[in-house]
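See below for work.cif, which holds mmCIF, C-alpha atoms and all ligand atoms.
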data_work
loop_
_atom_site.label_atom_id
_atom_site.label_comp_id
_atom_site.auth_asym_id
_atom_site.auth_seq_id
_atom_site.Cartn_x
_atom_site.Cartn_y
_atom_site.Cartn_z
CA MET K 1448 55.69 121.59 64.44
CA ALA K 1449 58.97 120.33 65.83
CA ILE K 1450 58.77 117.80 68.61
CA THR K 1451 60.18 119.11 71.89
CA LYS K 1452 62.12 117.20 74.53
CA GLN K 1453 59.46 117.97 77.10
CA GLN K 1454 56.77 116.46 74.88
CA VAL K 1455 58.84 113.29 74.52
CA ILE K 1456 59.36 113.08 78.27
CA ASN K 1457 55.64 113.47 78.89
CA VAL K 1458 54.89 110.66 76.45
CA LEU K 1459 57.57 108.41 77.96
CA LYS K 1460 55.74 108.61 81.28
CA GLN K 1461 53.25 106.19 79.74
CA VAL K 1462 55.93 103.50 79.56
CA ILE K 1463 55.95 101.38 82.68
CA PHE K 1464 58.87 99.32 84.00
CA PHE K 1465 56.88 96.56 85.60
CA ALA K 1466 59.65 95.20 87.81
CA LYS K 1467 59.52 98.47 89.74
CA GLN K 1468 55.85 99.33 89.15
CA ASN K 1469 56.51 102.83 87.95
CA ASN K 1470 57.11 104.71 84.72
CA ILE K 1471 60.57 104.92 83.20
CA VAL K 1472 60.79 108.71 83.57
CA ASP K 1473 60.11 108.80 87.28
CA LEU K 1474 62.47 105.86 87.75
CA ASN K 1475 65.22 107.98 86.12
CA MET K 1476 65.79 105.29 83.50
CA VAL K 1477 65.89 107.73 80.58
CA ASP K 1478 69.16 109.50 79.88
CA ASP K 1479 70.99 111.28 77.04
CA LEU K 1480 67.69 112.19 75.36
CA VAL K 1481 68.23 113.93 72.03
CA VAL K 1482 65.34 115.13 69.84
CA LYS K 1483 66.28 116.23 66.33
CA GLU K 1484 63.37 116.91 64.00
CA ASP K 1485 61.98 113.43 63.35
CA GLU K 1486 64.68 111.56 65.25
CA ILE K 1487 64.50 110.70 68.91
CA SER K 1488 67.45 108.96 70.57
CA MET K 1489 68.03 108.05 74.18
CA ALA K 1490 69.84 105.73 76.54
CA VAL K 1491 67.64 103.63 78.79
CA ILE K 1492 69.24 102.45 82.01
CA PHE K 1493 68.27 98.97 83.17
CA PRO K 1494 69.27 97.12 86.37
CA LYS K 1495 70.85 94.54 84.04
CA LEU K 1496 70.95 93.98 80.30
CA ALA K 1497 70.41 90.21 80.21
CA ASP K 1498 66.74 90.53 81.04
CA ASN K 1499 63.40 90.24 79.22
CA SER K 1500 62.48 93.72 80.32
CA VAL K 1501 65.05 95.23 77.94
CA PRO K 1502 63.30 94.32 74.64
CA ILE K 1503 59.86 94.75 76.20
CA VAL K 1504 60.49 98.28 77.47
CA SER K 1505 62.40 99.23 74.29
CA ASN K 1506 59.49 98.11 72.09
CA SER K 1507 57.04 99.88 74.28
CA ILE K 1508 59.02 103.13 74.00
CA SER K 1509 59.08 102.91 70.20
CA LYS K 1510 55.40 102.10 69.91
CA THR K 1511 54.28 104.78 72.33
CA LEU K 1512 56.37 107.50 70.66
CA LYS K 1513 55.22 106.50 67.16
CA ALA K 1514 51.60 106.42 68.28
CA GLU K 1515 51.99 109.95 69.56
CA PHE K 1516 54.21 111.59 66.94
CA GLY K 1517 53.56 109.44 63.86
CA ASN K 1518 55.00 106.32 62.31
CA HIS K 1519 57.59 108.23 60.30
CA ILE K 1520 59.71 109.19 63.31
CA LEU K 1521 62.95 107.35 64.02
CA VAL K 1522 63.47 106.06 67.53
CA ASP K 1523 66.96 105.01 68.57
CA ILE K 1524 67.29 103.34 71.96
CA THR K 1525 70.56 102.29 73.60
CA PRO K 1526 70.02 100.03 76.61
CA VAL K 1527 72.66 100.60 79.30
CA ALA K 1528 73.29 98.60 82.48
CA GLU K 1529 73.13 100.49 85.80
CA LYS K 1530 76.53 99.16 86.75
CA ASP K 1531 78.10 100.71 83.66
CA ARG K 1532 76.87 104.12 84.77
CA GLY K 1533 78.17 103.69 88.30
CA LEU K 1534 74.57 103.60 89.45
CA GLY K 1535 72.48 101.16 91.34
CA PRO K 1536 73.31 99.20 94.45
CA LEU K 1537 76.84 99.35 95.83
CA SER K 1538 77.59 102.62 94.09
CA GLY K 1539 79.59 103.58 97.21
CA VAL K 1540 81.93 100.63 96.68
CA LYS K 1541 84.95 101.52 94.59
CA ASN K 1542 86.40 98.08 93.91
CA ILE K 1543 84.61 94.75 94.03
CA ILE K 1544 87.23 92.00 94.10
CA ALA K 1545 85.97 88.43 93.66
CA VAL K 1546 88.13 85.65 95.06
CA ILE K 1547 87.46 82.49 93.10
CA ALA K 1548 88.75 78.95 92.98
CA GLY K 1549 88.03 75.90 90.90
CA LYS K 1550 87.34 73.64 93.82
CA GLY K 1551 86.90 73.70 97.57
CA GLY K 1552 89.68 73.24 100.06
CA VAL K 1553 92.39 75.14 98.22
CA GLY K 1554 92.36 78.01 100.73
CA LYS K 1555 90.07 80.44 98.93
CA SER K 1556 88.40 81.66 102.13
CA THR K 1557 91.73 81.85 103.94
CA VAL K 1558 93.13 84.01 101.15
CA ALA K 1559 89.98 86.17 100.97
CA ALA K 1560 89.96 86.80 104.73
CA ASN K 1561 93.67 87.60 104.91
CA LEU K 1562 93.48 89.77 101.82
CA ALA K 1563 90.65 91.76 103.43
CA VAL K 1564 92.63 92.18 106.66
CA ALA K 1565 95.79 93.16 104.77
CA LEU K 1566 93.84 95.74 102.73
CA ALA K 1567 92.42 97.21 105.95
CA LYS K 1568 95.90 97.30 107.50
CA ALA K 1569 97.09 99.22 104.44
CA GLY K 1570 94.57 101.92 105.35
CA HIS K 1571 91.65 101.07 103.08
CA SER K 1572 88.00 100.80 104.02
CA VAL K 1573 87.16 97.17 103.40
CA GLY K 1574 84.23 94.79 103.40
CA ILE K 1575 84.11 91.03 102.99
CA LEU K 1576 81.08 89.21 101.68
CA ASP K 1577 80.97 85.47 102.16
CA ALA K 1578 79.02 84.15 99.19
CA ASP K 1579 80.08 80.53 99.58
CA ILE K 1580 76.68 79.28 100.58
CA MET K 1581 77.64 75.61 100.72
CA GLY K 1582 80.63 76.26 102.94
CA PRO K 1583 80.50 79.70 104.53
CA SER K 1584 83.65 79.99 106.61
CA VAL K 1585 84.19 83.74 106.95
CA PRO K 1586 82.40 83.85 110.35
CA ILE K 1587 84.89 81.29 111.71
CA LEU K 1588 87.90 83.01 110.12
CA PHE K 1589 86.93 86.31 111.77
CA GLY K 1590 85.77 84.76 115.04
CA VAL K 1591 82.21 86.08 114.72
CA GLU K 1592 80.35 82.79 114.54
CA GLY K 1593 76.88 82.94 116.00
CA GLU K 1594 76.78 86.74 115.89
CA GLN K 1595 74.07 88.54 113.97
CA PRO K 1596 74.40 91.62 111.79
CA GLY K 1597 72.31 94.62 112.77
CA ILE K 1598 69.25 95.87 110.92
CA ILE K 1599 68.39 99.46 110.11
CA GLU K 1600 65.35 100.86 108.38
CA ARG K 1601 65.49 103.44 105.63
CA GLN K 1602 62.45 104.64 103.69
CA GLY K 1603 60.42 101.75 105.00
CA LYS K 1604 62.92 99.16 103.88
CA GLN K 1605 65.20 97.10 106.08
CA TYR K 1606 68.93 96.89 105.50
CA MET K 1607 71.52 94.64 107.10
CA VAL K 1608 74.42 96.32 108.83
CA PRO K 1609 77.60 94.26 108.41
CA LEU K 1610 79.51 93.26 111.55
CA GLU K 1611 82.86 94.92 111.99
CA LYS K 1612 86.06 93.26 113.17
CA TYR K 1613 89.75 93.96 112.52
CA GLY K 1614 88.62 96.99 110.51
CA VAL K 1615 86.66 94.81 108.07
CA HIS K 1616 82.90 94.95 107.51
CA ILE K 1617 81.59 91.41 107.36
CA LEU K 1618 78.48 89.72 105.98
CA SER K 1619 78.06 86.02 105.42
CA LEU K 1620 75.28 83.78 104.25
CA GLY K 1621 76.43 81.72 107.21
CA PHE K 1622 74.86 84.29 109.56
CA PHE K 1623 71.43 83.39 108.23
CA VAL K 1624 71.36 79.76 107.14
CA LYS K 1625 72.71 76.51 108.41
CA PRO K 1626 74.92 74.88 105.78
CA ASP K 1627 72.88 71.67 105.82
CA GLN K 1628 69.80 73.73 104.96
CA ALA K 1629 71.58 75.54 102.16
CA LEU K 1630 72.51 72.24 100.52
CA MET K 1631 68.88 71.86 99.54
CA TRP K 1632 68.52 75.34 98.10
CA ARG K 1633 67.74 75.86 94.44
CA GLY K 1634 69.96 78.05 92.30
CA SER K 1635 67.37 80.83 92.31
CA MET K 1636 67.24 80.89 96.11
CA ILE K 1637 71.00 81.07 96.33
CA ASN K 1638 71.00 83.93 93.87
CA ASN K 1639 68.35 85.81 95.82
CA ALA K 1640 70.27 85.38 99.04
CA PHE K 1641 73.43 86.60 97.34
CA ASN K 1642 71.66 89.66 95.90
CA GLN K 1643 70.29 90.49 99.32
CA LEU K 1644 73.73 90.45 100.88
CA MET K 1645 74.93 92.73 98.11
CA LYS K 1646 72.01 95.14 97.78
CA ASP K 1647 70.03 95.05 101.00
CA ALA K 1648 73.07 95.76 103.10
CA GLU K 1649 74.45 98.99 104.38
CA TRP K 1650 77.93 98.64 102.86
CA GLY K 1651 78.38 102.41 102.69
CA ASN K 1652 81.56 103.77 101.15
CA LEU K 1653 84.20 101.11 100.72
CA ASP K 1654 87.50 101.11 98.87
CA PHE K 1655 87.28 97.34 98.51
CA LEU K 1656 84.60 94.72 98.82
CA VAL K 1657 86.22 91.28 98.80
CA ILE K 1658 83.83 88.47 97.85
CA ASP K 1659 84.57 84.91 98.88
CA MET K 1660 82.88 83.21 95.93
CA PRO K 1661 81.55 79.64 95.86
CA PRO K 1662 84.03 77.29 94.18
CA GLY K 1663 83.66 76.43 90.53
CA THR K 1664 81.50 77.90 87.83
CA GLY K 1665 77.96 78.64 88.81
CA ASP K 1666 74.94 80.88 89.10
CA ILE K 1667 76.48 83.33 91.52
CA GLN K 1668 79.40 83.96 89.21
CA LEU K 1669 76.95 84.79 86.42
CA THR K 1670 74.85 87.01 88.66
CA LEU K 1671 77.92 88.80 89.92
CA GLY K 1672 79.24 89.49 86.44
CA GLN K 1673 75.90 90.55 84.95
CA SER K 1674 74.48 92.68 87.75
CA TYR K 1675 77.51 94.24 89.41
CA LYS K 1676 80.57 96.09 88.30
CA VAL K 1677 83.39 93.78 89.34
CA ARG K 1678 86.84 95.35 89.31
CA GLY K 1679 88.53 91.99 89.01
CA THR K 1680 89.02 88.48 90.25
CA VAL K 1681 91.81 86.85 92.16
CA LEU K 1682 92.20 83.16 91.33
CA VAL K 1683 93.26 80.87 94.14
CA THR K 1684 94.79 77.52 93.38
CA THR K 1685 97.09 74.95 94.88
CA PRO K 1686 99.98 73.59 92.83
CA GLN K 1687 98.38 70.29 91.80
CA ARG K 1688 97.21 69.86 88.24
CA VAL K 1689 93.71 68.88 89.36
CA ALA K 1690 93.40 72.25 91.10
CA THR K 1691 94.85 74.38 88.31
CA ALA K 1692 92.66 72.61 85.72
CA ASP K 1693 89.55 73.48 87.73
CA VAL K 1694 90.49 77.09 88.39
CA ARG K 1695 91.27 77.45 84.69
CA ARG K 1696 87.63 76.66 83.89
CA ALA K 1697 86.42 79.20 86.44
CA ALA K 1698 88.82 81.77 84.98
CA LEU K 1699 87.69 81.15 81.41
CA MET K 1700 84.09 81.65 82.52
CA CYS K 1701 85.03 85.16 83.67
CA ARG K 1702 86.38 85.86 80.21
CA GLN K 1703 83.25 84.86 78.30
CA ASP K 1704 81.66 87.73 76.34
CA LYS K 1705 78.64 87.65 78.61
CA LEU K 1706 80.77 88.40 81.66
CA THR K 1707 84.20 89.81 80.82
CA ILE K 1708 85.26 90.20 84.42
CA PRO K 1709 88.97 91.12 84.43
CA LEU K 1710 91.32 88.51 85.87
CA LEU K 1711 93.83 90.25 88.12
CA GLY K 1712 96.12 87.35 88.88
CA ILE K 1713 96.75 84.07 90.65
CA VAL K 1714 97.47 83.33 94.29
CA GLU K 1715 99.24 80.02 94.56
CA ASN K 1716 98.37 78.69 98.00
CA MET K 1717 100.16 75.83 99.73
CA ALA K 1718 102.86 76.48 97.16
CA TYR K 1719 105.60 74.86 99.21
CA PHE K 1720 106.35 73.59 102.69
CA VAL K 1721 108.93 75.05 105.05
CA PRO K 1722 109.87 72.80 107.97
CA LEU K 1723 110.00 74.54 111.32
CA ASP K 1724 113.48 73.15 112.04
CA ALA K 1725 114.87 74.12 108.63
CA PRO K 1726 113.35 77.50 107.77
CA ASP K 1727 115.66 78.04 104.80
CA LYS K 1728 114.40 74.92 103.02
CA LYS K 1729 111.43 74.87 100.67
CA TYR K 1730 109.79 71.56 99.78
CA TYR K 1731 107.48 71.62 96.78
CA ILE K 1732 105.46 68.70 98.03
CA PHE K 1733 102.56 69.27 95.62
CA GLY K 1734 104.85 69.82 92.65
CA LYS K 1735 105.90 73.02 90.99
CA GLY K 1736 105.19 74.95 87.85
CA GLN K 1737 101.46 74.38 87.21
CA ALA K 1738 100.39 77.79 88.51
CA MET K 1739 103.07 79.46 86.39
CA LEU K 1740 101.87 77.59 83.29
CA LEU K 1741 98.34 78.78 83.96
CA ALA K 1742 99.53 82.34 84.55
CA GLU K 1743 101.31 82.27 81.21
CA GLU K 1744 98.34 80.78 79.42
CA LEU K 1745 95.96 83.40 80.82
CA ASN K 1746 98.58 86.14 80.55
CA ILE K 1747 98.14 87.23 84.15
CA PRO K 1748 100.70 87.49 86.96
CA ILE K 1749 101.18 85.33 90.02
CA LEU K 1750 100.28 87.78 92.78
CA ALA K 1751 101.52 85.70 95.71
CA GLU K 1752 102.92 82.31 96.64
CA ILE K 1753 101.80 81.26 100.07
CA PRO K 1754 103.54 78.35 101.78
CA ILE K 1755 101.90 75.62 103.82
CA VAL K 1756 102.25 76.79 107.39
CA GLU K 1757 100.52 75.40 110.43
CA ALA K 1758 100.05 78.92 111.78
CA ILE K 1759 97.81 79.76 108.82
CA SER K 1760 95.25 77.10 109.60
CA GLU K 1761 95.56 77.57 113.37
CA SER K 1762 95.00 81.31 113.14
CA GLY K 1763 92.08 80.72 110.78
CA ASP K 1764 90.43 78.21 113.10
CA SER K 1765 90.79 80.57 116.06
CA GLY K 1766 89.37 83.59 114.24
CA ASN K 1767 92.57 85.66 114.04
CA PRO K 1768 93.68 85.85 110.40
CA ILE K 1769 97.45 85.55 110.24
CA ALA K 1770 97.74 88.80 108.27
CA LEU K 1771 97.08 90.57 111.61
CA ASP K 1772 100.31 89.22 113.08
CA ASP K 1773 103.10 91.63 112.22
CA SER K 1774 105.78 89.24 113.45
CA SER K 1775 104.78 86.65 110.86
CA ILE K 1776 106.46 86.44 107.50
CA ILE K 1777 103.09 85.37 106.09
CA ALA K 1778 101.64 88.76 107.07
CA GLN K 1779 104.35 90.30 104.89
CA THR K 1780 103.36 87.97 102.07
CA PHE K 1781 99.78 89.24 102.29
CA ALA K 1782 100.98 92.86 102.47
CA GLN K 1783 102.91 92.17 99.27
CA LEU K 1784 99.77 90.64 97.74
CA VAL K 1785 98.00 93.96 98.41
CA THR K 1786 100.83 95.87 96.72
CA ASN K 1787 100.82 93.55 93.71
CA LEU K 1788 97.04 93.73 93.45
CA GLN K 1789 97.18 97.52 93.42
CA THR K 1790 99.80 97.46 90.70
CA GLU K 1791 97.40 95.40 88.59
CA LEU K 1792 94.47 97.69 89.38
CA ASN K 1793 96.48 100.72 88.32
CA LYS K 1794 97.31 99.22 84.93
N1 LIG W 1801 98.73 78.03 103.28
C1 LIG W 1801 98.11 77.22 104.15
N2 LIG W 1801 98.83 76.53 105.07
C2 LIG W 1801 98.19 75.70 105.94
N3 LIG W 1801 96.87 75.50 105.98
C3 LIG W 1801 96.11 76.17 105.08
C4 LIG W 1801 96.68 77.08 104.14
N4 LIG W 1801 95.69 77.59 103.39
C5 LIG W 1801 94.53 77.06 103.84
N5 LIG W 1801 94.78 76.19 104.85
C6 LIG W 1801 93.79 75.39 105.57
O1 LIG W 1801 93.15 74.55 104.61
C7 LIG W 1801 91.79 74.39 104.92
C8 LIG W 1801 90.94 74.84 103.73
O2 LIG W 1801 91.09 76.24 103.56
P1 LIG W 1801 89.86 77.17 103.17
O3 LIG W 1801 90.37 78.57 103.12
O4 LIG W 1801 88.69 76.90 104.05
O5 LIG W 1801 89.59 76.64 101.71
P2 LIG W 1801 88.37 76.91 100.69
O6 LIG W 1801 87.73 78.18 101.08
O7 LIG W 1801 89.05 76.97 99.35
O8 LIG W 1801 87.49 75.73 100.78
C9 LIG W 1801 91.53 75.22 106.18
O9 LIG W 1801 91.59 74.39 107.28
C10 LIG W 1801 92.69 76.20 106.18
O10 LIG W 1801 93.02 76.62 107.49
MG MG W 1802 85.78 78.48 101.78
#

Have the structure of the file written as structure tokens, please.
Amino acid sequence: MAITKQQVINVLKQVIFFAKQNNIVDLNMVDDLVVKEDEISMAVIFPKLADNSVPIVSNSISKTLKAEFGNHILVDITPVAEKDRGLGPLSGVKNIIAVIAGKGGVGKSTVAANLAVALAKAGHSVGILDADIMGPSVPILFGVEGEQPGIIERQGKQYMVPLEKYGVHILSLGFFVKPDQALMWRGSMINNAFNQLMKDAEWGNLDFLVIDMPPGTGDIQLTLGQSYKVRGTVLVTTPQRVATADVRRAALMCRQDKLTIPLLGIVENMAYFVPLDAPDKKYYIFGKGQAMLLAEELNIPILAEIPIVEAISESGDSGNPIALDDSSIIAQTFAQLVTNLQTELNK
């Protein structure tokens, strides 16, 4: 007698996904089930593909089906990551944009904060997640230091409610840990904390979630690429060769087969200096051309060149990102960054 789909589903209920302590049918992990005579094929949706559970569950499915229907049947399983189905945590977030840099101090957080504000000013719903555990500075940049996000409970589980300021929803590891504590954290703890900010938070529906990533190449970058659907990264660098060499490594990590996070473009920060008394002069005090060379090598555009301006650091220190200030030419530069970013996203 021909095997029916319903029979297969009933048998699959014996297969348990231990991470969630339930069977794969009730967890909605089975999709695209096709039963054709002696052939059974299906997609199985996992939280992420780089995980031991993938071969274990796949083997268990094959064994259980063969035990029930006979060794002669063919079982074809395609593991699929939740993120590739638009499922899982953050499914209400349309575009995750990671802001990365090769090293600290190049203005990554400043760019991330102003980008978030400029996106909100352009009418988008925006969140910012400060994932730079060793140097969380988003609370300072938004003037919400010492404040605590709210907590709500849904189905017996607690979720963080991001703070809101300047139209941006904000969560930072800095709300929960002192930086000198975090310095002693293991990679796995940092990853857990990052995942909590991503998944155990009430981000709701957002057009953009900007992530201020830790500098360099590390665990969080891997976690981000493997467990979440990242729309793209913005690379921040200063003009010096030491900075572009480091950001190049971080960029190449995004392009590894394991990750393949699209690179959207480069923001060259502190690109030049304009003296207050000679606003038509540009001094390239850190040199010129390195960011362009990197852009050419990676075949990505330069999305913005931001000068060294005292007002940028002053406004950052006082918790009013300069992108808020319509009278500032820098606010226009960030508005242009948003336009250029959208051009890349539409490609
Ligand atoms: N274009 C700029 N002009 C002047 N100061 C800047 C500029 N960009 C960043 N800064 C300042 O440089 C310092 C480092 O910037 P930050 O964004 O914290 O870097 P990162 O996140 O890469 O470590 C901060 O004090 C910031 O205000
Ligand atoms: Mg920073």

Hey, which residues come within 8 Å of ligand MG 1802 (chain W) if we count all atoms listed in the file? Could you give them as a PyMOL selection string?
chain K and resi 1551-1552+1554-1557+1579+1582-1585+1659+1661-1662

Which residues sit within 7 Å of ligand LIG 1801 (chain W), counting all atoms listed in the file, listed as a PDB file with C-alpha atoms, in the frame of the given file?
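Saved as out30.pdb:
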ATOM      1  CA  ALA K1548      88.750  78.950  92.980  1.00  0.00           C
ATOM      2  CA  LYS K1550      87.340  73.640  93.820  1.00  0.00           C
ATOM      3  CA  GLY K1551      86.900  73.700  97.570  1.00  0.00           C
ATOM      4  CA  GLY K1552      89.680  73.240 100.060  1.00  0.00           C
ATOM      5  CA  VAL K1553      92.390  75.140  98.220  1.00  0.00           C
ATOM      6  CA  GLY K1554      92.360  78.010 100.730  1.00  0.00           C
ATOM      7  CA  LYS K1555      90.070  80.440  98.930  1.00  0.00           C
ATOM      8  CA  SER K1556      88.400  81.660 102.130  1.00  0.00           C
ATOM      9  CA  THR K1557      91.730  81.850 103.940  1.00  0.00           C
ATOM     10  CA  VAL K1558      93.130  84.010 101.150  1.00  0.00           C
ATOM     11  CA  SER K1584      83.650  79.990 106.610  1.00  0.00           C
ATOM     12  CA  ASN K1716      98.370  78.690  98.000  1.00  0.00           C
ATOM     13  CA  MET K1717     100.160  75.830  99.730  1.00  0.00           C
ATOM     14  CA  ILE K1753     101.800  81.260 100.070  1.00  0.00           C
ATOM     15  CA  PRO K1754     103.540  78.350 101.780  1.00  0.00           C
ATOM     16  CA  ILE K1755     101.900  75.620 103.820  1.00  0.00           C
ATOM     17  CA  VAL K1756     102.250  76.790 107.390  1.00  0.00           C
ATOM     18  CA  GLU K1757     100.520  75.400 110.430  1.00  0.00           C
ATOM     19  CA  ALA K1758     100.050  78.920 111.780  1.00  0.00           C
ATOM     20  CA  ILE K1759      97.810  79.760 108.820  1.00  0.00           C
ATOM     21  CA  SER K1760      95.250  77.100 109.600  1.00  0.00           C
ATOM     22  CA  GLU K1761      95.560  77.570 113.370  1.00  0.00           C
ATOM     23  CA  GLY K1763      92.080  80.720 110.780  1.00  0.00           C
ATOM     24  CA  ASP K1764      90.430  78.210 113.100  1.00  0.00           C
TER      25      ASP K1764
END

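Straight-line separation from atom CA of Ile1492 of chain K to atom CA of Val1477 of chain K: 6.4 Å.
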
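Using all atoms listed in the file, the nearest neighbour of Ser1572 of chain K within the list K:Leu1653, K:Leu1682, K:Leu1644, K:Leu1512 is K:Leu1653.
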
Which one is closest to Met1489 of chain K: K:Glu1752, K:Asp1523, K:Glu1600, K:Glu1791? Count only C-alpha atoms.
K:Asp1523

Would you mind telling me which residue in K:Ile1450, K:Met1700, K:Val1624, K:Ala1725 lies nearest to Glu1486 of chain K when using only C-alpha atoms?
K:Ile1450

Long-range neighbours of Val1694 of chain K as a PyMOL selection string, 12 Å cut-off, all atoms listed in the file, 4 positions minimum in chain:
chain K and resi 1546-1551+1553+1555+1661-1664+1680-1690+1698-1701+1710+1712-1715+1737-1738+1741-1742+1745
